[in-house]
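These notes are about the structure you will find just below.
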There are 2 protein chains.
Amino acid sequence: MKNLTRNFCLYLFLLLPFSIFGQQQKSDFNYTSAKELLLVGKAMPGGEYFHRVDTAKYNQMPPVVKRLFTNSAGLAICFTTNSPVIKAKWTVTNSGRMGNMTGIAQKGLDLYIKRDGKWQFAGVGSPSGVSSEGTLVDNMGTEEKECLLYLPLYDELKNLEIGTTSDSYIRAGQNPFKNKIVIYGSSILQGASASRPGMAYSSRLSRSSGYNFINLGLSGNGKMEKEVADMVADIDADAFILDCIPNPSPTEITERAAEFVMTLRSKHPDTPIIVIQTLIREKGNFDRKVKKWVKQQNEAIAKQIEILRKNNVKNLYFIKEDHFLGTDHEGSTDGVHPNDLGFDRMLQKYKPHLSKILKVKFDKE
Amino acid sequence: MKNLTRNFCLYLFLLLPFSIFGQQQKSDFNYTSAKELLLVGKAMPGGEYFHRVDTAKYNQMPPVVKRLFTNSAGLAICFTTNSPVIKAKWTVTNSGRMGNMTGIAQKGLDLYIKRDGKWQFAGVGSPSGVSSEGTLVDNMGTEEKECLLYLPLYDELKNLEIGTTSDSYIRAGQNPFKNKIVIYGSSILQGASASRPGMAYSSRLSRSSGYNFINLGLSGNGKMEKEVADMVADIDADAFILDCIPNPSPTEITERAAEFVMTLRSKHPDTPIIVIQTLIREKGNFDRKVKKWVKQQNEAIAKQIEILRKNNVKNLYFIKEDHFLGTDHEGSTDGVHPNDLGFDRMLQKYKPHLSKILKVKFDKE
């Protein structure tokens, strides 16, 4: 019996190196809650960690707006680590998959790492359901890496943990973005139909300028309600961009746009306010009703800007539709939302205006 | 009794205008099976209507390759109609949604209509499950329209019917594309991660040239097996493009590439054969193993081309990787597959080569 025990112990000892130095070493990861790291991209502090806006505080906003502000579009986690592998475990809701979004963009993760002073794409987390687990990037060196992990564009993130090898460190990063330029907008701003979270246009603007472009995109619901104007006006912003014109009807634009602008202006006497016309919907190439509708939206906002200017509202800028998606009609995913090609062309049109108005310098991408 | 019958008939007559000219007119659609129209984009006639290749005839190919050839990537239905509305009912399989594709691209439809001699985007069909129904485009005029409806990129289409108003006609169109340029490739060719079916790069090449670029993209499985080479060699093609290098291992490239080329050459003594290096995977920005792997793949194919040229194989062309996706690292959806921005940059690199070799003129998009 003694011999048997000794043999069994020897057997265990012989197995040990395989379990410790082999398989176990490879799978030995520590998971750190994203809440212990730094969240960037929020308009204001407060509220649920992964929500864009404190919807309890701004309880008077329309229910659908409050729900959309629980989506983590434009938010990112900053951290530094020397881990050669970065993994993630995350949980979203059981909402259905959208037809015009990839899973990665809707419910997934998108990692950038800084190299030579620029943010460079590193890897994605593709969702597998409500709870997902995956390797974002593998086989790196053990040098320190400054990381920026973009969160799902069209879902509420319930939990996120970042996995690093147990012999490495992970620390909250510093906010790499300065100032605060708030963009209020439609589904296009929220990120439909970028291919992954980091390709939402506000995030592309942030990475290429170093300025903090805040994503207040509201799928189908950037309709300029008074209660939303009050919330936006509370933000301590260096500039406001209104890119919501795809959502309100021409009548709603006529009824609400001037008041929305004046609500901001009343609390921010000198802050630049930039209003952008809606892009032309590619659905309107052949659908005459859609084409007419978009024309009426753009005429309505132009008229309101004219009235505001006549009323001597200063520091008010207006960017007119100018083939934002190009001229070949290939820049959309579904006739409404830009694909990444459309977004790229749109930013080529936006940037010279924003650069001039905001005195911001964008990298040539 | 007679009076009652007369009154009832009068009642029916009074109802008639509402049912015929009112509600019924709006909802009165005829559905035409796509099988009664013209299918374009197939390499060879025969086999299941919506399959790319007759997999029963080429039964020796690997099972996964045969399964992927049942996906309708690159196929389209040509028809003409004067209907002011175009609808569709279609059925695919119950395969799960992919993380790196939109539903529209994976399982949906994408309609183009010819305007001023060019194909212009008109609308999409977004899938809602195994069976879907939707309006592709609405509110058009009643002029005759030449239509091209692209089919799902990553699913097997089981059935497709096209709905037109009951007072309009729908007819099979004529094939708008001439010649046959066969592309054999990977998931990237099959269409990952274009935003919609018509944005697969072979389809973009066809629309912008008028030539018939055939999509033989095989997700993860463009591995140049002998049985597949035999099938491809059976195609009566005007040129062959091999854009499969992302899939085989460096060893498989060394073992199979020359034989694949020579199998084509033996049946097509003078037909141009164009081999393209794999694009650089953006995953390899930080993953050193991925970066090295791709480099080895490209070195392996370069070596095989050199050997083939030394062996005096004529009309063999080689396109070298040259920042196909650009230099800002934003051209991919997941670090492997181009997004529409990446595809656009890739085509800007491919086109000058293809134009010169094939004497094809591409539209400036």
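Following the order of the structure tokens, chains are lettered A, B, ..., residues in each are numbered from 1, and ligands are numbered from 1.
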
Residues near Trp90 of chain B, cut-off 6 Å, only C-alpha atoms, skip fewer than 4 positions along chain, as a VMD selection string: chain B and resid 131 to 132 159 to 160

C-alpha RMSD, in-order pairing, chain A superimposed onto chain B: 1.1 Å

Selection: 8 Å around segment 344-355 of chain A, only C-alpha atoms, excl. self and same-chain fewer than 2 positions, as a count of residues only: 16

A:Lys283, A:Lys356, A:Lys87, A:Arg171 ranked by distance to Leu111 of chain A, top pick (using only C-alpha atoms): A:Lys87

Dump as a Markdown table the rows for residues of segment 318-360 of chain B within 12 Å of segment 286-300 of chain B: closest atom pair and distance in Å with one decimal, only C-alpha atoms counted, ordered by chain and rising residue number.
```
| residue | atom | partner | partner_atom | distance |
| --- | --- | --- | --- | --- |
| B:Phe318 | CA | B:Asn298 | CA | 11.2 |
| B:Ile319 | CA | B:Asn298 | CA | 10.8 |
| B:Lys320 | CA | B:Asn298 | CA | 8.4 |
| B:Glu321 | CA | B:Asn298 | CA | 8.1 |
| B:Asp322 | CA | B:Asn298 | CA | 11.5 |
| B:His329 | CA | B:Phe286 | CA | 11.5 |
| B:Gly335 | CA | B:Val290 | CA | 10.2 |
| B:Val336 | CA | B:Val290 | CA | 10.0 |
```
